[in-house]
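Below is start-v2.cif, which holds mmCIF, C-alpha atoms (C1' of nucleotides) and all ligand atoms.
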data_work
#
loop_
_atom_site.label_atom_id
_atom_site.label_comp_id
_atom_site.auth_asym_id
_atom_site.auth_seq_id
_atom_site.Cartn_x
_atom_site.Cartn_y
_atom_site.Cartn_z
CA MET A 1 -197.07 -100.65 0.13
CA ALA A 2 -200.61 -101.82 0.80
CA SER A 3 -203.10 -101.58 -2.05
CA GLN A 4 -205.38 -98.59 -1.95
CA ALA A 5 -208.95 -98.86 -0.70
CA LEU A 6 -211.56 -97.01 -2.72
CA PRO A 7 -212.92 -94.29 -0.46
CA TYR A 8 -216.48 -94.49 -1.69
CA ARG A 9 -216.72 -98.24 -1.18
CA PRO A 10 -217.25 -99.74 2.25
CA HIS A 11 -213.95 -100.91 3.63
CA ASN A 12 -212.16 -101.50 6.87
CA HIS A 13 -211.25 -97.91 7.35
CA GLN A 14 -209.36 -98.54 10.56
CA ALA A 15 -206.81 -100.29 8.39
CA CYS A 16 -206.39 -97.08 6.35
CA VAL A 17 -205.78 -95.12 9.53
CA SER A 18 -203.35 -97.61 11.02
CA GLN A 19 -201.42 -97.86 7.80
CA ALA A 20 -201.24 -94.09 7.45
CA LEU A 21 -200.01 -93.63 10.99
CA ALA A 22 -197.45 -96.41 10.64
CA ASP A 23 -196.21 -94.93 7.38
CA ALA A 24 -196.03 -91.49 8.95
CA ARG A 25 -193.96 -92.73 11.86
CA ALA A 26 -191.57 -94.48 9.52
CA ILE A 27 -191.26 -91.46 7.24
CA CYS A 28 -190.64 -89.06 10.09
CA ARG A 29 -188.08 -91.37 11.63
CA ALA A 30 -186.28 -91.62 8.30
CA GLN A 31 -186.32 -87.84 7.86
CA ASN A 32 -185.35 -87.13 11.43
CA ALA A 33 -188.57 -85.20 11.87
CA ARG A 34 -190.49 -85.11 15.11
CA LEU A 35 -193.98 -86.52 14.86
CA THR A 36 -195.08 -85.03 18.17
CA PRO A 37 -198.34 -86.09 19.85
CA THR A 38 -200.30 -83.13 18.53
CA ARG A 39 -199.02 -83.63 15.01
CA GLU A 40 -199.84 -87.31 15.14
CA ARG A 41 -203.28 -86.65 16.57
CA VAL A 42 -204.00 -84.10 13.83
CA LEU A 43 -202.93 -86.62 11.21
CA GLU A 44 -205.21 -89.20 12.77
CA LEU A 45 -208.12 -86.76 12.76
CA ILE A 46 -207.49 -85.92 9.14
CA TRP A 47 -207.59 -89.62 8.36
CA GLN A 48 -210.84 -90.21 10.24
CA SER A 49 -212.50 -90.41 6.85
CA HIS A 50 -211.75 -90.00 3.17
CA LYS A 51 -213.47 -86.64 3.18
CA PRO A 52 -211.31 -83.54 3.43
CA LEU A 53 -211.42 -81.85 6.80
CA GLY A 54 -211.22 -78.12 7.40
CA ALA A 55 -208.62 -76.73 9.75
CA TYR A 56 -211.32 -75.45 12.04
CA ASP A 57 -212.97 -78.86 12.10
CA VAL A 58 -209.70 -80.30 13.33
CA LEU A 59 -209.48 -77.50 15.85
CA ALA A 60 -212.98 -78.24 17.14
CA GLU A 61 -212.11 -81.88 17.69
CA LEU A 62 -208.92 -81.02 19.50
CA THR A 63 -210.63 -78.62 21.86
CA ALA A 64 -213.46 -81.13 22.39
CA GLU A 65 -210.79 -83.53 23.59
CA GLY A 66 -209.71 -81.02 26.17
CA GLN A 67 -206.50 -79.95 24.45
CA SER A 68 -205.71 -76.30 24.73
CA ALA A 69 -205.62 -75.50 21.05
CA ALA A 70 -205.89 -72.37 18.95
CA PRO A 71 -205.83 -71.88 15.19
CA PRO A 72 -202.03 -71.72 15.03
CA THR A 73 -201.86 -75.08 16.76
CA VAL A 74 -203.71 -76.71 13.92
CA TYR A 75 -202.13 -74.77 11.10
CA ARG A 76 -198.66 -75.50 12.39
CA ALA A 77 -199.37 -79.18 12.60
CA LEU A 78 -200.88 -79.15 9.12
CA ASP A 79 -197.89 -77.26 7.74
CA PHE A 80 -195.59 -79.86 9.21
CA LEU A 81 -197.63 -82.71 7.82
CA GLN A 82 -197.77 -81.11 4.40
CA GLN A 83 -194.05 -80.47 4.34
CA HIS A 84 -193.37 -84.10 5.02
CA GLY A 85 -195.84 -85.25 2.42
CA LEU A 86 -198.34 -86.72 4.86
CA VAL A 87 -201.34 -84.56 4.04
CA HIS A 88 -202.47 -82.50 1.09
CA ARG A 89 -204.39 -79.27 1.05
CA ILE A 90 -207.34 -79.25 -1.34
CA ALA A 91 -207.30 -75.68 -2.57
CA SER A 92 -210.75 -75.75 -4.09
CA LEU A 93 -212.23 -76.76 -0.72
CA ASN A 94 -209.92 -75.06 1.76
CA ALA A 95 -209.55 -78.43 3.41
CA PHE A 96 -207.01 -81.12 4.09
CA ILE A 97 -206.81 -84.81 3.38
CA GLY A 98 -204.36 -87.56 4.21
CA CYS A 99 -201.92 -88.41 1.46
CA ALA A 100 -202.68 -91.82 0.02
CA HIS A 101 -199.15 -92.17 -1.37
CA ALA A 102 -196.97 -90.87 1.41
CA GLY A 103 -193.32 -91.51 0.80
CA GLU A 104 -193.82 -92.05 -2.90
CA ASN A 105 -192.76 -89.26 -5.16
CA HIS A 106 -195.92 -88.08 -6.85
CA THR A 107 -198.06 -85.14 -7.83
CA GLY A 108 -201.49 -85.78 -6.44
CA MET A 109 -204.59 -85.80 -8.60
CA PHE A 110 -207.77 -85.63 -6.58
CA LEU A 111 -211.18 -86.90 -7.63
CA ILE A 112 -213.66 -85.07 -5.41
CA CYS A 113 -217.23 -86.32 -5.29
CA ARG A 114 -219.67 -83.43 -5.03
CA SER A 115 -222.36 -85.69 -3.65
CA CYS A 116 -220.75 -87.83 -0.97
CA GLY A 117 -217.69 -85.66 -0.38
CA ASN A 118 -215.18 -88.47 -0.58
CA VAL A 119 -211.90 -87.87 -2.31
CA LEU A 120 -209.71 -90.34 -4.15
CA GLU A 121 -206.08 -89.45 -4.70
CA LEU A 122 -204.60 -90.85 -7.87
CA LYS A 123 -201.05 -90.89 -9.10
CA ALA A 124 -201.92 -90.78 -12.80
CA PRO A 125 -198.44 -90.69 -14.33
CA GLY A 126 -199.96 -90.07 -17.75
CA VAL A 127 -201.50 -86.85 -16.53
CA SER A 128 -198.36 -85.74 -14.77
CA GLY A 129 -196.37 -86.36 -17.91
CA ALA A 130 -198.80 -84.40 -20.06
CA ILE A 131 -198.67 -81.51 -17.63
CA GLU A 132 -194.89 -81.51 -17.59
CA ASP A 133 -194.82 -81.58 -21.37
CA ALA A 134 -197.25 -78.69 -21.64
CA ALA A 135 -195.26 -76.63 -19.15
CA LYS A 136 -192.02 -77.46 -20.89
CA ALA A 137 -193.47 -76.40 -24.22
CA GLU A 138 -194.00 -72.96 -22.68
CA HIS A 139 -190.51 -72.97 -21.14
CA PHE A 140 -192.15 -72.82 -17.75
CA LYS A 141 -190.41 -74.40 -14.78
CA ALA A 142 -193.21 -76.22 -12.95
CA GLU A 143 -192.66 -76.62 -9.24
CA ASP A 144 -196.04 -77.36 -7.73
CA VAL A 145 -199.15 -78.79 -9.34
CA THR A 146 -202.68 -78.34 -8.06
CA LEU A 147 -205.00 -80.77 -9.81
CA GLU A 148 -208.46 -81.25 -8.41
CA ILE A 149 -211.38 -82.77 -10.28
CA ALA A 150 -214.86 -82.19 -8.92
CA GLY A 151 -217.64 -84.46 -10.10
CA LEU A 152 -219.49 -87.60 -9.19
CA CYS A 153 -217.92 -90.78 -7.90
CA PRO A 154 -219.08 -94.06 -9.44
CA ARG A 155 -221.34 -94.82 -6.53
CA CYS A 156 -223.14 -91.48 -6.42
CA HIS A 157 -223.32 -91.35 -10.18
CA SER A 158 -225.08 -94.70 -10.46
CA GLU A 159 -227.41 -93.86 -7.60
CA SER A 160 -228.43 -90.59 -9.22
CA ARG A 161 -229.45 -92.45 -12.38
CA HIS A 162 -231.86 -95.05 -11.02
CA ASP A 163 -233.93 -93.02 -8.60
CA MET B 164 -209.86 -64.96 -32.37
CA ALA B 165 -206.75 -62.87 -31.81
CA SER B 166 -203.52 -64.68 -30.98
CA GLN B 167 -202.61 -64.72 -27.34
CA ALA B 168 -199.99 -62.33 -25.94
CA LEU B 169 -197.54 -63.86 -23.50
CA PRO B 170 -198.20 -62.19 -20.18
CA TYR B 171 -194.60 -62.08 -19.06
CA ARG B 172 -193.39 -60.42 -22.23
CA PRO B 173 -193.88 -56.73 -22.90
CA HIS B 174 -196.89 -56.24 -25.11
CA ASN B 175 -199.58 -53.76 -25.92
CA HIS B 176 -201.72 -54.66 -23.00
CA GLN B 177 -204.46 -52.22 -23.84
CA ALA B 178 -205.16 -54.47 -26.78
CA CYS B 179 -205.70 -57.39 -24.38
CA VAL B 180 -208.17 -55.32 -22.40
CA SER B 181 -210.06 -54.04 -25.42
CA GLN B 182 -210.27 -57.48 -26.91
CA ALA B 183 -211.50 -58.98 -23.64
CA LEU B 184 -214.17 -56.34 -23.22
CA ALA B 185 -215.33 -56.65 -26.81
CA ASP B 186 -215.50 -60.43 -26.47
CA ALA B 187 -217.40 -60.10 -23.22
CA ARG B 188 -219.96 -57.79 -24.75
CA ALA B 189 -220.48 -60.14 -27.66
CA ILE B 190 -220.77 -63.19 -25.43
CA CYS B 191 -223.25 -61.54 -23.09
CA ARG B 192 -225.33 -60.30 -25.97
CA ALA B 193 -225.40 -63.80 -27.42
CA GLN B 194 -226.40 -65.30 -24.07
CA ASN B 195 -228.93 -62.59 -23.30
CA ALA B 196 -226.97 -61.74 -20.18
CA ARG B 197 -226.68 -58.23 -18.86
CA LEU B 198 -223.16 -56.91 -18.72
CA THR B 199 -224.07 -54.03 -16.43
CA PRO B 200 -221.67 -51.13 -15.81
CA THR B 201 -220.40 -52.56 -12.53
CA ARG B 202 -219.87 -56.00 -14.03
CA GLU B 203 -218.07 -54.52 -16.99
CA ARG B 204 -215.94 -52.32 -14.77
CA VAL B 205 -215.00 -55.30 -12.59
CA LEU B 206 -214.02 -57.25 -15.67
CA GLU B 207 -211.90 -54.34 -16.83
CA LEU B 208 -210.20 -54.12 -13.45
CA ILE B 209 -209.51 -57.85 -13.49
CA TRP B 210 -207.93 -57.39 -16.89
CA GLN B 211 -205.74 -54.51 -15.80
CA SER B 212 -202.85 -56.94 -15.79
CA HIS B 213 -202.08 -60.60 -16.26
CA LYS B 214 -201.73 -61.03 -12.55
CA PRO B 215 -204.66 -62.42 -10.61
CA LEU B 216 -206.49 -59.86 -8.55
CA GLY B 217 -208.12 -60.48 -5.18
CA ALA B 218 -211.76 -59.63 -4.67
CA TYR B 219 -210.80 -57.04 -2.08
CA ASP B 220 -208.32 -55.46 -4.47
CA VAL B 221 -211.16 -55.00 -6.91
CA LEU B 222 -213.27 -53.62 -4.11
CA ALA B 223 -210.60 -51.11 -3.16
CA GLU B 224 -210.39 -49.82 -6.71
CA LEU B 225 -214.13 -49.49 -6.97
CA THR B 226 -214.42 -47.51 -3.78
CA ALA B 227 -211.43 -45.39 -4.80
CA GLU B 228 -213.44 -44.46 -7.87
CA GLY B 229 -216.23 -43.22 -5.67
CA GLN B 230 -218.58 -46.12 -6.24
CA SER B 231 -220.51 -47.23 -3.21
CA ALA B 232 -219.33 -50.80 -3.12
CA ALA B 233 -219.24 -53.53 -0.50
CA PRO B 234 -217.93 -57.09 -0.64
CA PRO B 235 -221.16 -58.50 -2.08
CA THR B 236 -220.94 -56.01 -4.91
CA VAL B 237 -217.68 -57.49 -6.04
CA TYR B 238 -218.46 -61.12 -5.35
CA ARG B 239 -221.73 -60.88 -7.22
CA ALA B 240 -220.04 -59.35 -10.22
CA LEU B 241 -217.32 -62.00 -10.09
CA ASP B 242 -219.90 -64.77 -9.83
CA PHE B 243 -221.63 -63.44 -12.90
CA LEU B 244 -218.39 -63.18 -14.83
CA GLN B 245 -217.38 -66.68 -13.84
CA GLN B 246 -220.73 -68.13 -14.80
CA HIS B 247 -220.41 -66.65 -18.25
CA GLY B 248 -216.86 -67.86 -18.66
CA LEU B 249 -215.26 -64.42 -18.58
CA VAL B 250 -213.07 -64.82 -15.53
CA HIS B 251 -211.53 -67.71 -13.66
CA ARG B 252 -210.93 -68.09 -9.99
CA ILE B 253 -207.43 -69.29 -9.10
CA ALA B 254 -208.13 -71.48 -6.10
CA SER B 255 -204.53 -71.67 -4.95
CA LEU B 256 -204.35 -67.88 -4.76
CA ASN B 257 -207.89 -66.90 -3.82
CA ALA B 258 -207.79 -64.53 -6.74
CA PHE B 259 -209.36 -63.94 -10.10
CA ILE B 260 -208.06 -63.54 -13.62
CA GLY B 261 -209.61 -62.80 -16.96
CA CYS B 262 -210.26 -65.81 -19.15
CA ALA B 263 -207.94 -65.84 -22.12
CA HIS B 264 -210.24 -68.12 -24.09
CA ALA B 265 -213.67 -66.73 -23.40
CA GLY B 266 -216.31 -68.26 -25.58
CA GLU B 267 -214.17 -71.27 -26.40
CA ASN B 268 -215.04 -74.47 -24.66
CA HIS B 269 -212.02 -75.33 -22.58
CA THR B 270 -210.71 -76.39 -19.21
CA GLY B 271 -208.18 -73.83 -18.13
CA MET B 272 -204.65 -74.74 -17.19
CA PHE B 273 -202.83 -71.94 -15.43
CA LEU B 274 -199.09 -71.40 -15.31
CA ILE B 275 -198.50 -69.16 -12.31
CA CYS B 276 -195.10 -67.50 -11.93
CA ARG B 277 -194.08 -67.34 -8.29
CA SER B 278 -191.63 -64.56 -9.02
CA CYS B 279 -193.43 -62.02 -11.20
CA GLY B 280 -196.97 -63.14 -10.41
CA ASN B 281 -198.10 -63.30 -14.01
CA VAL B 282 -200.38 -66.09 -15.10
CA LEU B 283 -200.67 -67.73 -18.49
CA GLU B 284 -203.82 -69.66 -19.28
CA LEU B 285 -203.30 -72.57 -21.63
CA LYS B 286 -205.81 -74.82 -23.32
CA ALA B 287 -203.54 -77.88 -23.42
CA PRO B 288 -205.88 -80.41 -25.02
CA GLY B 289 -203.36 -83.16 -24.36
CA VAL B 290 -203.61 -82.55 -20.65
CA SER B 291 -207.37 -82.33 -20.68
CA GLY B 292 -207.53 -85.60 -22.56
CA ALA B 293 -205.23 -87.33 -20.11
CA ILE B 294 -207.29 -86.06 -17.20
CA GLU B 295 -210.51 -87.27 -18.78
CA ASP B 296 -208.97 -90.65 -19.44
CA ALA B 297 -207.74 -90.98 -15.87
CA ALA B 298 -211.14 -90.00 -14.49
CA LYS B 299 -212.90 -92.38 -16.83
CA ALA B 300 -210.63 -95.21 -15.79
CA GLU B 301 -211.92 -94.70 -12.25
CA HIS B 302 -215.52 -94.45 -13.48
CA PHE B 303 -215.59 -90.90 -12.16
CA LYS B 304 -217.79 -88.33 -13.85
CA ALA B 305 -215.59 -85.24 -14.05
CA GLU B 306 -217.47 -81.96 -14.10
CA ASP B 307 -214.98 -79.29 -13.11
CA VAL B 308 -211.20 -79.29 -13.33
CA THR B 309 -208.88 -77.13 -11.25
CA LEU B 310 -205.40 -77.21 -12.72
CA GLU B 311 -202.89 -74.67 -11.49
CA ILE B 312 -199.15 -74.95 -11.92
CA ALA B 313 -196.95 -72.77 -9.75
CA GLY B 314 -193.36 -72.24 -10.79
CA LEU B 315 -191.14 -69.88 -12.72
CA CYS B 316 -191.98 -68.28 -16.03
CA PRO B 317 -189.29 -68.30 -18.74
CA ARG B 318 -188.33 -64.72 -18.04
CA CYS B 319 -187.93 -65.06 -14.27
CA HIS B 320 -186.26 -68.40 -14.64
CA SER B 321 -183.57 -67.09 -16.96
CA GLU B 322 -183.06 -64.00 -14.83
CA SER B 323 -182.56 -66.09 -11.71
CA ARG B 324 -179.80 -68.05 -13.41
CA HIS B 325 -177.48 -65.27 -14.57
CA ASP B 326 -177.45 -62.96 -11.57
"C1'" DC C 327 -248.11 -47.73 -17.12
"C1'" DG C 328 -247.93 -52.00 -13.68
"C1'" DG C 329 -246.46 -56.49 -11.98
"C1'" DG C 330 -242.64 -59.59 -11.54
"C1'" DA C 331 -237.91 -60.62 -12.04
"C1'" DA C 332 -233.32 -59.31 -11.82
"C1'" DA C 333 -229.85 -56.51 -9.97
"C1'" DT C 334 -227.97 -53.56 -6.39
"C1'" DG C 335 -227.34 -51.41 -1.68
"C1'" DT C 336 -226.43 -52.12 3.10
"C1'" DT C 337 -225.28 -54.16 7.35
"C1'" DA C 338 -223.66 -57.70 9.77
"C1'" DT C 339 -221.27 -61.92 10.32
"C1'" DA C 340 -219.03 -66.34 9.07
"C1'" DA C 341 -214.99 -68.88 7.65
"C1'" DT C 342 -210.20 -69.22 6.82
"C1'" DG C 343 -205.54 -68.04 7.75
"C1'" DT C 344 -201.28 -65.16 10.05
"C1'" DA C 345 -198.33 -62.19 12.96
"C1'" DT C 346 -196.18 -61.79 17.17
"C1'" DC C 347 -194.04 -62.72 21.26
"C1'" DA C 348 -193.57 -65.39 25.44
"C1'" DA C 349 -192.95 -69.92 27.57
"C1'" DA C 350 -191.73 -74.60 27.48
"C1'" DT C 351 -189.46 -78.44 25.57
"C1'" DT C 352 -185.94 -80.87 23.17
"C1'" DT C 353 -181.44 -81.23 21.18
"C1'" DT C 354 -176.54 -80.25 20.99
"C1'" DC C 355 -172.24 -79.97 22.55
"C1'" DC C 356 -168.81 -79.36 26.02
"C1'" DG D 357 -174.86 -83.58 33.80
"C1'" DG D 358 -175.65 -78.81 32.46
"C1'" DA D 359 -175.57 -74.46 29.81
"C1'" DA D 360 -176.61 -72.71 25.25
"C1'" DA D 361 -179.10 -73.09 20.98
"C1'" DA D 362 -182.79 -74.61 18.35
"C1'" DT D 363 -187.33 -76.33 17.94
"C1'" DT D 364 -191.91 -76.62 19.44
"C1'" DT D 365 -195.94 -74.97 21.79
"C1'" DG D 366 -199.13 -71.50 24.11
"C1'" DA D 367 -201.75 -67.48 23.80
"C1'" DT D 368 -203.63 -63.22 22.08
"C1'" DA D 369 -204.73 -60.47 18.58
"C1'" DC D 370 -205.58 -59.58 13.97
"C1'" DA D 371 -205.86 -60.04 8.74
"C1'" DT D 372 -208.07 -61.84 4.77
"C1'" DT D 373 -211.65 -63.98 2.20
"C1'" DA D 374 -216.46 -64.93 1.61
"C1'" DT D 375 -221.52 -65.16 2.63
"C1'" DA D 376 -226.29 -64.37 4.87
"C1'" DA D 377 -230.18 -61.62 5.05
"C1'" DC D 378 -233.20 -58.19 3.80
"C1'" DA D 379 -234.45 -53.69 1.90
"C1'" DT D 380 -234.40 -50.95 -2.32
"C1'" DT D 381 -233.89 -49.94 -6.97
"C1'" DT D 382 -233.83 -50.91 -11.76
"C1'" DC D 383 -235.16 -53.34 -15.74
"C1'" DC D 384 -238.07 -56.19 -18.69
"C1'" DC D 385 -242.30 -57.48 -20.62
"C1'" DG D 386 -246.97 -57.40 -21.50
ZN ZN A 401 -200.40 -87.63 -1.99
ZN ZN A 402 -219.86 -89.90 -4.16
ZN ZN A 403 -210.37 -69.67 -19.61
ZN ZN A 404 -192.16 -64.55 -13.91
#
What would the structure in this file look like if it were written as structure tokens?
Ligand SMILES: [Zn+2]
Ligand SMILES: [Zn+2]
Ligand SMILES: [Zn+2]
Ligand SMILES: [Zn+2]
Amino acid sequence: MASQALPYRPHNHQACVSQALADARAICRAQNARLTPTRERVLELIWQSHKPLGAYDVLAELTAEGQSAAPPTVYRALDFLQQHGLVHRIASLNAFIGCAHAGENHTGMFLICRSCGNVLELKAPGVSGAIEDAAKAEHFKAEDVTLEIAGLCPRCHSESRHD
Amino acid sequence: MASQALPYRPHNHQACVSQALADARAICRAQNARLTPTRERVLELIWQSHKPLGAYDVLAELTAEGQSAAPPTVYRALDFLQQHGLVHRIASLNAFIGCAHAGENHTGMFLICRSCGNVLELKAPGVSGAIEDAAKAEHFKAEDVTLEIAGLCPRCHSESRHD
DNA sequence: CGGGAAATGTTATAATGTATCAAATTTTCC
DNA sequence: GGAAAATTTGATACATTATAACATTTCCCG
């Protein structure tokens, strides 16, 4: 698995996209799932940056490309991608982002920069463990964790200090 | 501070409501904030159970009571209550729930039962600490944490096993 | 009182997400 | 290969959640 680029640092983002698409194809092949052209194109659009994209933003890009698309087109593709662990929905933003750890078993932890909008997905096993322990202490059977941290990324934080 | 009732166990819920309203009045007085009749009524409606309530559910109850209310009425009251730490928004449900630790500095962790719909708010300092550590390790300045765990509460979990 | 701020009323609209059913495509299995 | 079944897509309509904008009222303070 390639090492993770930091979203808020300049990087060869095309490599992120290529890697994500290659991973997605491999995962879908392994799961006997059909990564159809629309689904793949939606995934690629989601990965166009490290900023979460709204469903209607995706829709706008699809229609701009001449595809006949309606809201269900996008939501169905996003549902598929979520179910196969290729994208995550950011509940606090009503938006979607490519999974940075597709294929790895993980509960995503998202660091969302309020200033630049970029999102970093961490695995943070320590956090996951603490959450599981806390749930277990309450005899609660945890099935799905939503963990989203809004704040300032290192870059925006340092910029806001020396202005 | 009164000890917390477990939402999914039978309890004298009127006590929860009374306590929440008394706390709210004290907090608003201390902060020089105006807990107007509509705001107080919305808080009371939110506290009518331990299940999160949608803004439009609140609206329906207000209009049923004869109040002339529109969406902004409710959203403004909810904004006020959130800003003063009296209710939380559950992002994964687009719904609102009374804060079980009003006045205490905390980052809420919500255990949401998929079966009965009840929500328990925990303080879980261990989790908060782990989250802070993980954010700090990435040089990320965390400002707001959304932590929502969907699953099965002890009651629903045990019921689903011996049926 | 009176002037300014805060809160509310009112209407309209934006943004996000689903239900439903028909048509097309792909897979399965003989 | 070809019919039947399952999956995917198209298309329309609608439901739900949230906000913009501006007028009016109420409250606070001097
Ligand atoms: Zn992920
Ligand atoms: Zn940033
Ligand atoms: Zn709380
Ligand atoms: Zn339950």
Please, which residues in chain A fall within 10 Å of chain B when counting all atoms listed in the file, and what is the closest atom pair and distance in Å to one decimal for each, ordered by chain then residue number, as CSV?
residue,atom,partner,partner_atom,distance
A:Leu6,CA,B:Glu301,CA,9.8
A:Arg89,CA,B:Ser255,CA,9.7
A:Ile90,CA,B:Ser255,CA,8.9
A:Ala91,CA,B:Ser255,CA,5.4
A:Ser92,CA,B:Ala254,CA,5.4
A:Leu93,CA,B:Ala254,CA,8.6
A:Asn94,CA,B:Ala254,CA,8.8
A:Met109,CA,B:Ile294,CA,9.0
A:Phe110,CA,B:Ala298,CA,9.6
A:Leu111,CA,B:Phe303,CA,7.5
A:Ile112,CA,B:Ala305,CA,8.9
A:Cys113,CA,B:Phe303,CA,8.4
A:Arg114,CA,B:Glu306,CA,9.4
A:Leu120,CA,B:Glu301,CA,9.5
A:Leu122,CA,B:Ala297,CA,8.6
A:Lys123,CA,B:Ala297,CA,9.5
A:Ala124,CA,B:Ala297,CA,6.6
A:Pro125,CA,B:Ala297,CA,9.4
A:Gly126,CA,B:Ala293,CA,6.4
A:Val127,CA,B:Ala293,CA,5.2
A:Ser128,CA,B:Val290,CA,8.5
A:Gly129,CA,B:Val290,CA,8.6
A:Ala130,CA,B:Val290,CA,5.2
A:Ile131,CA,B:Val290,CA,5.9
A:Glu132,CA,B:Val290,CA,9.3
A:Asp133,CA,B:Val290,CA,8.9
A:Ala134,CA,B:Ala287,CA,6.6
A:Ala135,CA,B:Leu274,CA,7.5
A:Lys136,CA,B:Pro317,CA,9.8
A:Glu138,CA,B:Pro317,CA,7.7
A:His139,CA,B:Pro317,CA,5.4
A:Phe140,CA,B:Cys316,CA,4.9
A:Lys141,CA,B:Leu315,CA,5.0
A:Ala142,CA,B:Gly314,CA,4.5
A:Glu143,CA,B:Gly314,CA,4.7
A:Asp144,CA,B:Ala313,CA,5.1
A:Val145,CA,B:Ile312,CA,4.6
A:Thr146,CA,B:Glu311,CA,5.0
A:Leu147,CA,B:Leu310,CA,4.6
A:Glu148,CA,B:Thr309,CA,5.0
A:Ile149,CA,B:Val308,CA,4.6
A:Ala150,CA,B:Asp307,CA,5.1
A:Gly151,CA,B:Ala305,CA,4.5
A:Leu152,CA,B:Lys304,CA,5.0
A:Cys153,CA,B:Phe303,CA,4.9
A:Pro154,CA,B:His302,CA,5.4
A:Arg155,CA,B:Phe303,CA,9.0
A:Cys156,CA,B:Phe303,CA,9.5
A:His157,CA,B:Lys304,CA,7.3
*Working over all C-alpha atoms in order, superimpose chain A onto chain B by least squares and state the RMSD in Å.*
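Rounded to one decimal, the C-alpha RMSD is 0.1 Å.
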*Pick from A:Glu121, A:Glu44, A:Glu61, A:Glu159 nearest to ligand ZN 401 (chain A), counting only C-alpha atoms and all ligand atoms*: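 Closest residue, counting only C-alpha atoms and all ligand atoms: A:Glu121.
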_Residues near DA341 (chain C), cut-off 9 Å, all atoms listed in the file, skip fewer than 3 positions along chain, as a list in words_ =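 The neighbour list is Tyr56 of chain A; DT373 and DA374 of chain D.
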*In the coordinate frame of the file, compute which residues have an atom within 10 Å of (-233.5, -57.3, 2.0) when using only C-alpha atoms (C1' of nucleotides), and state them as a list in words.*
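Those residues lying close to the given coordinates are DG335 and DT336 of chain C; DA377, DC378, DA379 and DT380 of chain D.
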Can you check which parts of chain D lie within 12 Å of chain A? Per residue, the shortest pair of atoms and distance in Å to one decimal, counting all atoms listed in the file, sorted by chain and number, as a Markdown table.
| residue | atom | partner | partner_atom | distance |
| --- | --- | --- | --- | --- |
| D:DT363 | C1' | A:Arg34 | CA | 9.8 |
| D:DT364 | C1' | A:Thr36 | CA | 9.1 |
| D:DT365 | C1' | A:Thr73 | CA | 7.8 |
| D:DG366 | C1' | A:Ser68 | CA | 8.2 |
| D:DA367 | C1' | A:Ala70 | CA | 8.0 |
| D:DT368 | C1' | A:Ala70 | CA | 9.9 |
| D:DA369 | C1' | A:Pro71 | CA | 12.0 |
| D:DT373 | C1' | A:Asn94 | CA | 11.2 |
*Of the residues B:Pro170, B:Gln177, B:His247, B:Ser212, which is the one nearest to ligand ZN 404 (chain A), using all atoms listed in the file?*
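That would be B:Pro170, the residue with the smallest distance to ligand ZN 404 (chain A).
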_Expected residue set, 12 Å radius at (-208.8, -58.0, 10.1), all atoms listed in the file, as a ChimeraX atom specification_ = /C:342-345 /D:369-373
Write the selection just made, keeping C-alpha atoms (C1' of nucleotides), as a short mmCIF file (atom, residue, chain, number, x, y, z; two decimals), in the coordinates of the input?
data_model
loop_
_atom_site.label_atom_id
_atom_site.label_comp_id
_atom_site.auth_asym_id
_atom_site.auth_seq_id
_atom_site.Cartn_x
_atom_site.Cartn_y
_atom_site.Cartn_z
"C1'" DT C 342 -210.20 -69.22 6.82
"C1'" DG C 343 -205.54 -68.04 7.75
"C1'" DT C 344 -201.28 -65.16 10.05
"C1'" DA C 345 -198.33 -62.19 12.96
"C1'" DA D 369 -204.73 -60.47 18.58
"C1'" DC D 370 -205.58 -59.58 13.97
"C1'" DA D 371 -205.86 -60.04 8.74
"C1'" DT D 372 -208.07 -61.84 4.77
"C1'" DT D 373 -211.65 -63.98 2.20
#
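Counting all atoms listed in the file and comparing B:Leu249, B:Ala196, B:Ala178, B:Ala185, the residue that lies closest to ligand ZN 403 (chain A) is B:Leu249.
The gap separating CA of His50 (chain A) from CA of Asn118 (chain A) is 5.3 Å, in Å to one decimal.
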*Quote the spacing between CA of Gln230 (chain B) and C1' of DT381 (chain D) in Å to one decimal place.*
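Distance reported for this atom pair: 15.8 Å.
For the choices B:Gln182, B:Asn195, B:Ser278, B:Ser321, the atom-to-atom distance to ligand ZN 404 (chain A) is smallest for B:Ser278 when using all atoms listed in the file.
Here C1' of DG358 (chain D) is placed at a distance of 20.1 Å from C1' of DA349 (chain C).
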_Glu203 (chain B) environment, 10 Å, all atoms listed in the file, sequence neighbours closer than 5 positions dropped, as number ranges by chain_ = B: 184, 187-188, 197-198, 208-209, 240, 244
Write out as a CSV table (one decimal) with C-alpha atoms, in the coordinates of the input each polymer residue whose atoms come within 10 Å of Gln211 (chain B), counting all atoms listed in the file; drop sequence neighbours fewer than 5 positions from it.
chain,number,residue,atom,x,y,z
B,176,HIS,CA,-201.7,-54.7,-23.0
B,177,GLN,CA,-204.5,-52.2,-23.8
B,179,CYS,CA,-205.7,-57.4,-24.4
B,180,VAL,CA,-208.2,-55.3,-22.4
B,205,VAL,CA,-215.0,-55.3,-12.6
B,206,LEU,CA,-214.0,-57.2,-15.7
B,216,LEU,CA,-206.5,-59.9,-8.6
B,260,ILE,CA,-208.1,-63.5,-13.6
B,261,GLY,CA,-209.6,-62.8,-17.0
_Nearest to ligand ZN 403 (chain A) by atom-to-atom distance, counting only C-alpha atoms and all ligand atoms, from B:Gly217, B:Ala183, B:Cys279, B:Cys191_ = B:Ala183
*Expected answer as a PyMOL selection string: residues within 7 Å of ligand ZN 401 (chain A), only C-alpha atoms (C1' of nucleotides) and all ligand atoms*: chain A and resi 85+87-88+99-102+106-108+121
